[in-house]
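Single-structure report; data block below.
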Amino acid sequence: MIRRATFVLAAAVATSLYGANWPEHPILHAVRVSTPPAIDGDLSDAAWQSAPEFTDFTQHDPDDGKPSTMRTSIRIVYDDKAIYFGAKMSDPQRPNERLARRDSFTESDFLSINIDPQLDRLSGNAFTINPSNVQVDTVLYNDIGEDPSWDGVWESATKIVPDGWIAEVRIPFSQLRFPDKPVQVWGLNITRRTMRNNETVRIVNTRKGETGFVSHFADIVGLEGIHRGRSLELVPYAVARSDIRTRLDRNDPISQRTDHREDGGLDLKYALTPRLTLTGTINPDFGQVEVDPAVINLTQFETFYPEKRPFFTEGVDIFQFSDTPAPSHFNFFFAPQPFYSRRIGRAPQVMPNADFIAEPAQTRILGAAKLSGKLAGGWSLGLLDALTNTEHARLISGGLLQRQQVEPMTNYFVSRATKNTGDGSRVGFLLTSVDRRLTDDLSSLRKSATTAGVDGFASFASKSWILEGFGVASHVTGSSEAIALTQQEPSRYYQRPDAKRIALDPTRTSLDGWAGRVMLSKATGIWRPNVQVQAYSPGFETNDVGFMQRTDIISSHALMQYVDQNPTARFRERNAWLGVWQNRNFDGDTLERGVILEHFATLANYWKYTVELLGVGGALSDRLTRGGPLVRTSRAWISDLELDSDDRKPVNFSVTGHLERSDDGSYSRTGGIALNARPRSNLQLSVAPQITVSHDHTQYVTAFGDAAAAQTYGKRYVFADLEQRSFEIGTRADWTVNARLSFQVYLQPFVAAGHYHDYHALAAARTRDYIPYAYGGNPDFNFRSIRGSAVARWEFRPGSALFVAWNENRAGVAGIGDLHIPRDLRAIPNAPSHDVFLVKVSYWLPM
């Protein structure tokens, strides 16, 4: 009797301390109803009265583990077609009801319904609404990952009442993936956030310092006799587009000033099985997507831009390679990505030599399809296949009008399979291939490219530690010209005269390579070590369907991370990293080595700051001469600073600074401020000016053969001191009329200038000694640009939308060399421009 009383007392204490965390998987009951509730923000329907009420919520913020300070009530019912959630969020004050376009609200009260319908304790979907009925939907993966690109079709309604707010949500079974069996048990967690006091509560709370989210979900029971069905969704679209080009060269006889066209296409989604979905698109159009910002890139490496096109962003989580539940990953160079979806529909790769040329800005995508979902035995599957069209350029060369192919018809294939085990481990496989239909005009392109890889992770010590890694092999084929160019690309530079393990072979018609990584990290606790080694062989190549700036590198690091999420009188959370890293090539040359110290904190008043310091030792560069010999680099130090005010306030700001200096006199200084204002709950304005001032003592200019340059292998490598200045203002306005109608405007004026002086040539390989050189050219420049977009979006019915969009890309170059901001900004209207105006309508047809 005494032992039983002790157990009851311990249970009571645990319940009072941890609320809904005892037991770890609470049970919620769903009730089948014959008449579903009306989705109108009113909980008086008879259906809601038949369902039990759940009110046990636990704080995550601000007082982790304590009961919620305000009552939240949840009821769950279902019928043959959907599951319904009715919620009442009590609040003595009016909730924060910020109005924003779909998938965009951040600083607002909200209720998030997180469902794991397959009960794999790793994945699911989140359906989030705020008091203004703005919807956000995401995919949950890897236990702690979240992908916001998914757009489901579901219904919700909200109502603000004197003592809080009410939400009703209807989620069709067709939008979820679950096994076809008579009795279902789903995972569930519900999160409520109240912005005023920064209170976040959940049914099941993962304590700070611990890891896992989906794995801790509660269970929904009572779901019987439901089926997803083999649903078919069709979304046809029609678009009318006008392209207007101004300020073109008056002597150019082939570039079209205006171009008007109408087009159409079809998106589809079909549930092949209850857990496997086919998604397809025919002749897609992405004209409503926001333009990329302007940059100045004087390096030999390609600029990375994130994917924004909806078809390729949705469901991308399944194709992420080497993605694990580890909370922190670190890289001290731009690590290659095996899959980079912006390769599909890329700009044409061949630029013919001609007096005048007109070529398409991107390759037309004829169609694409994705197959994704779960298979038996714990396997997840993702397949993507896309076909792009042949593209031609019109050109005039020697007075003759010609038509030349600049991009071949190409097929892209990506496959991914993963298997999760019940012990917190996973193994995965990746296979990608690119096949081009080449002609003689395109012999410089690779004919095919294949990568195959395996990755995985294992958790142990109660998921506190994670061991992860991957191995990838690549194989590319093509003509001897194409493979010779591949060997000489900036990512590897096989032609380097002092390279020991690599050499240019102009007769090769294929190239092979490999990559691997292993990392051990601690995912919980205050002190979290992180150790990693990764290597990419010189022949590794993934740029046909991936993204890679360099290979021929072995990178290692060892860091200690300090994570303290327990609030104190001054801090809400504190993080710090201290570590060392080193990068070497396969010849054993040290490319970079240094020490990093970074500190991040959220203060008690919700201001945040970040301080980062890096000390980089002298080393060698195998890229500075762009295919030439090694060059010794100077010691340097780098610092980054950021200060953010409380972003819950209607007016807030973020200040950033970057300082960098090397022993050779090179430096870079960047300062910026982002000002954000919400004058009304449905209007957000932001302006972000930024200025950069830099001096580079070793800016590459050119290289040429010179028999007198014996110490640099018979070639002269010319550099210059470059004074570079840039100024930009990123401006954005978001106006939301209601939850279905919104307007967005984005403008980025950008001006930059570069002045080259004091030319000098490398005196000897493996040194940082230079001799003056008389260079006769003048590469000075002034770049003036404005990029912008304006989009009106009206979701006139669930899944159906009307877009009216305008994009501007205006840019010009002058050979001045000094930045005078007012003068350069005034010159932008006189630069050549390409404007696009379009109207696009899509209509969702559930079959």
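As shown in the structure tokens, the chain order sets the letters A, B, ...; within each chain, residues go from 1, and ligands are also counted from 1 in the order they appear.
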Counting only C-alpha atoms, what is within 7 Å of region 124-129 of chain A, bar same-chain residues fewer than 3 positions away, as an MDAnalysis selection string? chainID A and resid 110:117 133:141
Check region 399-520 of chain A with DSSP on the backbone and list each residue it calls strand (DSSP E or B), as JSON, numbers by chain. {"A": [400, 401, 402, 403, 404, 405, 406, 407, 409, 410, 411, 412, 413, 414, 415, 416, 417, 418, 419, 420, 425, 426, 427, 428, 429, 430, 431, 432, 433, 434, 435, 436, 437, 448, 449, 450, 451, 452, 453, 454, 455, 456, 457, 458, 459, 460, 465, 466, 467, 468, 469, 470, 471, 472, 473, 474, 475, 476, 477, 510, 511, 512, 513, 514, 515, 516, 517, 518, 519, 520]}
Could those residues be written to a file, using C-alpha atoms, as a tab-separated table (two decimals), in the first residue's frame?
```tsv
chain	number	residue	atom	x	y	z
A	400	LEU	CA	24.89	36.42	-92.41
A	401	LEU	CA	21.77	35.52	-90.41
A	402	GLN	CA	22.13	32.06	-88.86
A	403	ARG	CA	20.36	29.77	-86.46
A	404	GLN	CA	22.44	27.63	-84.13
A	405	GLN	CA	21.58	25.14	-81.42
A	406	VAL	CA	22.73	26.33	-77.98
A	407	GLU	CA	21.17	23.71	-75.68
A	409	MET	CA	17.19	18.17	-75.54
A	410	THR	CA	18.08	16.80	-72.11
A	411	ASN	CA	16.58	14.29	-69.73
A	412	TYR	CA	17.15	14.64	-65.99
A	413	PHE	CA	16.52	11.76	-63.61
A	414	VAL	CA	16.85	11.72	-59.83
A	415	SER	CA	15.93	8.82	-57.55
A	416	ARG	CA	16.12	8.57	-53.79
A	417	ALA	CA	15.24	5.75	-51.41
A	418	THR	CA	15.61	5.66	-47.63
A	419	LYS	CA	14.83	3.09	-44.99
A	420	ASN	CA	14.24	4.03	-41.38
A	425	SER	CA	18.89	4.91	-37.69
A	426	ARG	CA	18.47	5.27	-41.42
A	427	VAL	CA	20.16	4.20	-44.63
A	428	GLY	CA	19.56	5.90	-47.97
A	429	PHE	CA	20.47	5.63	-51.64
A	430	LEU	CA	20.71	8.23	-54.40
A	431	LEU	CA	20.99	7.85	-58.17
A	432	THR	CA	21.00	10.73	-60.64
A	433	SER	CA	21.55	10.79	-64.38
A	434	VAL	CA	21.62	13.41	-67.12
A	435	ASP	CA	21.45	12.43	-70.81
A	436	ARG	CA	21.81	14.94	-73.63
A	437	ARG	CA	20.95	14.55	-77.32
A	448	SER	CA	25.92	12.00	-69.94
A	449	ALA	CA	26.49	12.26	-66.22
A	450	THR	CA	25.71	9.79	-63.45
A	451	THR	CA	26.10	9.94	-59.69
A	452	ALA	CA	25.33	7.15	-57.23
A	453	GLY	CA	25.56	7.41	-53.49
A	454	VAL	CA	24.68	5.88	-50.15
A	455	ASP	CA	24.15	7.80	-46.92
A	456	GLY	CA	22.91	7.10	-43.44
A	457	PHE	CA	23.01	7.86	-39.77
A	458	ALA	CA	22.80	5.98	-36.50
A	459	SER	CA	21.62	7.37	-33.17
A	460	PHE	CA	22.78	5.93	-29.89
A	465	TRP	CA	24.74	11.06	-30.22
A	466	ILE	CA	24.50	10.80	-34.01
A	467	LEU	CA	27.03	9.17	-36.32
A	468	GLU	CA	26.38	10.02	-39.95
A	469	GLY	CA	28.09	9.83	-43.30
A	470	PHE	CA	27.84	9.27	-47.04
A	471	GLY	CA	29.75	8.00	-50.04
A	472	VAL	CA	29.15	9.12	-53.64
A	473	ALA	CA	30.65	8.14	-56.99
A	474	SER	CA	30.35	10.16	-60.21
A	475	HIS	CA	30.87	9.30	-63.88
A	476	VAL	CA	30.67	11.70	-66.84
A	477	THR	CA	31.14	10.98	-70.53
A	510	SER	CA	35.13	10.04	-69.45
A	511	LEU	CA	35.97	11.19	-65.94
A	512	ASP	CA	35.30	9.45	-62.63
A	513	GLY	CA	35.40	10.65	-59.05
A	514	TRP	CA	34.17	10.03	-55.54
A	515	ALA	CA	33.23	11.87	-52.36
A	516	GLY	CA	32.69	10.88	-48.75
A	517	ARG	CA	31.91	12.32	-45.37
A	518	VAL	CA	31.67	11.12	-41.77
A	519	MET	CA	30.52	13.19	-38.80
A	520	LEU	CA	30.03	12.45	-35.11
```
What is the distance between CA of His760 (chain A) and CA of Gly777 (chain A), in Å to one decimal?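 Interatomic distance, CA of His760 (chain A) to CA of Gly777 (chain A): 13.1 Å.
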Do you know which residues are at most 7 Å from region 662-665 of chain A counting only C-alpha atoms, after dropping those on the same chain fewer than 3 positions away, and could you put them as a PDB file with C-alpha atoms, in the first residue's frame?
```pdb
ATOM      1  CA  SER A 634      48.459  35.736 -46.176  1.00  0.00           C
ATOM      2  CA  ARG A 635      47.112  35.423 -42.693  1.00  0.00           C
ATOM      3  CA  ALA A 636      43.713  37.017 -42.211  1.00  0.00           C
ATOM      4  CA  TRP A 637      41.046  37.671 -39.637  1.00  0.00           C
ATOM      5  CA  HIS A 697      45.693  42.991 -53.529  1.00  0.00           C
TER       6      HIS A 697
END
```
Have a look at CA of Phe333 (chain A) and CA of Met560 (chain A) and let me know their distance in Å, one decimal.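 Result for CA of Phe333 (chain A) versus CA of Met560 (chain A): 18.9 Å, one decimal.
Here CA of Asp292 (chain A) is placed at a distance of 26.6 Å from CA of Thr610 (chain A).
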Got a sec: who's within 9 Å of Phe704 (chain A), counting only C-alpha atoms, leaving out chain neighbours fewer than 2 positions off, as number ranges by chain? A: 702, 706, 714-718
Output file for the residues above (all heavy atoms, as an mmCIF file, in the first residue's frame):
```
data_model
loop_
_atom_site.group_PDB
_atom_site.id
_atom_site.type_symbol
_atom_site.label_atom_id
_atom_site.label_comp_id
_atom_site.auth_asym_id
_atom_site.auth_seq_id
_atom_site.Cartn_x
_atom_site.Cartn_y
_atom_site.Cartn_z
ATOM 1 N N THR A 702 44.786 38.390 -65.798
ATOM 2 C CA THR A 702 44.984 37.572 -67.002
ATOM 3 C C THR A 702 46.234 36.715 -66.827
ATOM 4 O O THR A 702 46.992 36.869 -65.860
ATOM 5 C CB THR A 702 45.131 38.462 -68.254
ATOM 6 O OG1 THR A 702 45.127 37.652 -69.428
ATOM 7 C CG2 THR A 702 46.424 39.272 -68.205
ATOM 8 N N ASP A 706 54.982 33.207 -71.415
ATOM 9 C CA ASP A 706 56.149 34.081 -71.356
ATOM 10 C C ASP A 706 57.351 33.201 -71.004
ATOM 11 O O ASP A 706 57.476 32.721 -69.878
ATOM 12 C CB ASP A 706 55.949 35.177 -70.317
ATOM 13 C CG ASP A 706 57.093 36.189 -70.316
ATOM 14 O OD1 ASP A 706 58.136 35.926 -70.944
ATOM 15 O OD2 ASP A 706 56.931 37.256 -69.675
ATOM 16 N N GLY A 714 56.794 29.159 -67.197
ATOM 17 C CA GLY A 714 56.683 29.684 -68.547
ATOM 18 C C GLY A 714 55.412 30.440 -68.837
ATOM 19 O O GLY A 714 55.040 30.608 -70.003
ATOM 20 N N LYS A 715 54.775 30.925 -67.816
ATOM 21 C CA LYS A 715 53.543 31.683 -68.016
ATOM 22 C C LYS A 715 53.523 32.841 -67.033
ATOM 23 O O LYS A 715 54.001 32.714 -65.900
ATOM 24 C CB LYS A 715 52.319 30.778 -67.813
ATOM 25 C CG LYS A 715 51.085 31.194 -68.594
ATOM 26 C CD LYS A 715 50.033 30.092 -68.579
ATOM 27 C CE LYS A 715 48.862 30.463 -69.482
ATOM 28 N NZ LYS A 715 47.819 29.406 -69.507
ATOM 29 N N ARG A 716 53.017 33.981 -67.490
ATOM 30 C CA ARG A 716 52.950 35.170 -66.655
ATOM 31 C C ARG A 716 51.525 35.317 -66.110
ATOM 32 O O ARG A 716 50.557 35.327 -66.871
ATOM 33 C CB ARG A 716 53.325 36.401 -67.472
ATOM 34 C CG ARG A 716 53.515 37.664 -66.661
ATOM 35 C CD ARG A 716 54.779 37.624 -65.842
ATOM 36 N NE ARG A 716 55.998 37.631 -66.654
ATOM 37 C CZ ARG A 716 57.213 37.471 -66.168
ATOM 38 N NH1 ARG A 716 57.373 37.266 -64.855
ATOM 39 N NH2 ARG A 716 58.277 37.485 -66.959
ATOM 40 N N TYR A 717 51.433 35.415 -64.779
ATOM 41 C CA TYR A 717 50.126 35.553 -64.119
ATOM 42 C C TYR A 717 50.022 36.963 -63.555
ATOM 43 O O TYR A 717 50.791 37.338 -62.658
ATOM 44 C CB TYR A 717 49.978 34.507 -63.015
ATOM 45 C CG TYR A 717 50.019 33.088 -63.561
ATOM 46 C CD1 TYR A 717 51.232 32.403 -63.650
ATOM 47 C CD2 TYR A 717 48.871 32.476 -64.031
ATOM 48 C CE1 TYR A 717 51.285 31.121 -64.175
ATOM 49 C CE2 TYR A 717 48.914 31.197 -64.551
ATOM 50 C CZ TYR A 717 50.116 30.520 -64.629
ATOM 51 O OH TYR A 717 50.160 29.257 -65.165
ATOM 52 N N VAL A 718 49.092 37.731 -64.109
ATOM 53 C CA VAL A 718 48.984 39.151 -63.802
ATOM 54 C C VAL A 718 47.821 39.386 -62.839
ATOM 55 O O VAL A 718 46.706 38.880 -63.057
ATOM 56 C CB VAL A 718 48.788 39.981 -65.086
ATOM 57 C CG1 VAL A 718 48.694 41.474 -64.759
ATOM 58 C CG2 VAL A 718 49.939 39.724 -66.058
#
```
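Residues of region 250-387 of chain A assigned to alpha helix (DSSP H) by DSSP on this structure's backbone: Pro310, Phe311, Phe312 and Thr313 of chain A.
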Based on the selection just made, write C-alpha atoms of those residues as a PDB file, in the first residue's frame.
```pdb
ATOM      1  CA  PRO A 310       6.860  25.698 -56.873  1.00  0.00           C
ATOM      2  CA  PHE A 311       6.989  22.328 -58.657  1.00  0.00           C
ATOM      3  CA  PHE A 312      10.630  21.828 -57.701  1.00  0.00           C
ATOM      4  CA  THR A 313      10.427  23.196 -54.166  1.00  0.00           C
TER       5      THR A 313
END
```
Excluding same-chain residues fewer than 4 positions from Gly588 (chain A), what lies within 12 Å of it counting only C-alpha atoms, as a PyMOL selection string? chain A and resi 499-501+552-555+582-584+592+619-620+622
Could you dump the residues just selected with N, CA, C and O atoms as a PDB file, in the first residue's frame?
```
ATOM      1  N   ALA A 499      50.891  20.424 -60.111  1.00  0.00           N
ATOM      2  CA  ALA A 499      50.057  19.396 -59.480  1.00  0.00           C
ATOM      3  C   ALA A 499      50.790  18.056 -59.507  1.00  0.00           C
ATOM      4  O   ALA A 499      51.477  17.716 -60.483  1.00  0.00           O
ATOM      5  N   LYS A 500      50.652  17.276 -58.447  1.00  0.00           N
ATOM      6  CA  LYS A 500      51.354  16.012 -58.337  1.00  0.00           C
ATOM      7  C   LYS A 500      50.475  14.808 -58.671  1.00  0.00           C
ATOM      8  O   LYS A 500      50.943  13.824 -59.252  1.00  0.00           O
ATOM      9  N   ARG A 501      49.191  14.887 -58.299  1.00  0.00           N
ATOM     10  CA  ARG A 501      48.323  13.714 -58.435  1.00  0.00           C
ATOM     11  C   ARG A 501      47.344  13.819 -59.601  1.00  0.00           C
ATOM     12  O   ARG A 501      46.592  12.881 -59.845  1.00  0.00           O
ATOM     13  N   ASP A 552      38.615  18.224 -55.263  1.00  0.00           N
ATOM     14  CA  ASP A 552      40.023  18.082 -54.883  1.00  0.00           C
ATOM     15  C   ASP A 552      40.259  18.742 -53.525  1.00  0.00           C
ATOM     16  O   ASP A 552      41.083  19.654 -53.378  1.00  0.00           O
ATOM     17  N   ILE A 553      39.525  18.274 -52.518  1.00  0.00           N
ATOM     18  CA  ILE A 553      39.623  18.884 -51.193  1.00  0.00           C
ATOM     19  C   ILE A 553      39.343  17.845 -50.118  1.00  0.00           C
ATOM     20  O   ILE A 553      38.486  16.959 -50.294  1.00  0.00           O
ATOM     21  N   ILE A 554      40.078  17.941 -49.032  1.00  0.00           N
ATOM     22  CA  ILE A 554      39.830  17.168 -47.815  1.00  0.00           C
ATOM     23  C   ILE A 554      39.644  18.177 -46.693  1.00  0.00           C
ATOM     24  O   ILE A 554      40.562  18.937 -46.384  1.00  0.00           O
ATOM     25  N   SER A 555      38.471  18.205 -46.121  1.00  0.00           N
ATOM     26  CA  SER A 555      38.126  19.210 -45.115  1.00  0.00           C
ATOM     27  C   SER A 555      37.805  18.512 -43.799  1.00  0.00           C
ATOM     28  O   SER A 555      37.048  17.542 -43.760  1.00  0.00           O
ATOM     29  N   GLN A 582      40.589  22.683 -41.042  1.00  0.00           N
ATOM     30  CA  GLN A 582      41.682  22.657 -42.002  1.00  0.00           C
ATOM     31  C   GLN A 582      41.186  22.063 -43.305  1.00  0.00           C
ATOM     32  O   GLN A 582      40.461  21.062 -43.310  1.00  0.00           O
ATOM     33  N   ASN A 583      41.557  22.699 -44.425  1.00  0.00           N
ATOM     34  CA  ASN A 583      41.248  22.200 -45.759  1.00  0.00           C
ATOM     35  C   ASN A 583      42.556  21.922 -46.491  1.00  0.00           C
ATOM     36  O   ASN A 583      43.464  22.763 -46.498  1.00  0.00           O
ATOM     37  N   ARG A 584      42.653  20.749 -47.111  1.00  0.00           N
ATOM     38  CA  ARG A 584      43.827  20.364 -47.881  1.00  0.00           C
ATOM     39  C   ARG A 584      43.373  19.796 -49.217  1.00  0.00           C
ATOM     40  O   ARG A 584      42.246  19.302 -49.342  1.00  0.00           O
ATOM     41  N   GLU A 592      43.639  26.013 -46.376  1.00  0.00           N
ATOM     42  CA  GLU A 592      43.073  26.943 -45.386  1.00  0.00           C
ATOM     43  C   GLU A 592      43.084  26.248 -44.035  1.00  0.00           C
ATOM     44  O   GLU A 592      42.861  25.044 -43.942  1.00  0.00           O
ATOM     45  N   ALA A 619      48.488  30.072 -45.874  1.00  0.00           N
ATOM     46  CA  ALA A 619      48.397  28.751 -46.502  1.00  0.00           C
ATOM     47  C   ALA A 619      48.743  28.886 -47.976  1.00  0.00           C
ATOM     48  O   ALA A 619      49.473  29.807 -48.382  1.00  0.00           O
ATOM     49  N   LEU A 620      48.236  27.959 -48.784  1.00  0.00           N
ATOM     50  CA  LEU A 620      48.459  27.964 -50.223  1.00  0.00           C
ATOM     51  C   LEU A 620      47.117  27.973 -50.942  1.00  0.00           C
ATOM     52  O   LEU A 620      46.140  27.402 -50.451  1.00  0.00           O
ATOM     53  N   ASP A 622      45.348  26.927 -54.602  1.00  0.00           N
ATOM     54  CA  ASP A 622      45.476  26.265 -55.894  1.00  0.00           C
ATOM     55  C   ASP A 622      44.421  26.752 -56.882  1.00  0.00           C
ATOM     56  O   ASP A 622      44.187  26.118 -57.913  1.00  0.00           O
TER      57      ASP A 622
END
```
Can you list, as an NGL selection string, every protein, DNA or RNA residue that comes within 9 Å of Gly812 (chain A) when you count only C-alpha atoms, leaving out same-chain residues fewer than 5 positions away? :A and (782-785 or 827-828 or 830-833)
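Closest to Arg570 (chain A) among A:Val751, A:Ile27, A:Ala604, A:Val655 is A:Ala604, based on only C-alpha atoms.
Using only C-alpha atoms, the shortest contact distance between Asp696 (chain A) and any of A:Gly730, A:Pro749, A:Pro162, A:Gly754 is found at A:Gly754.
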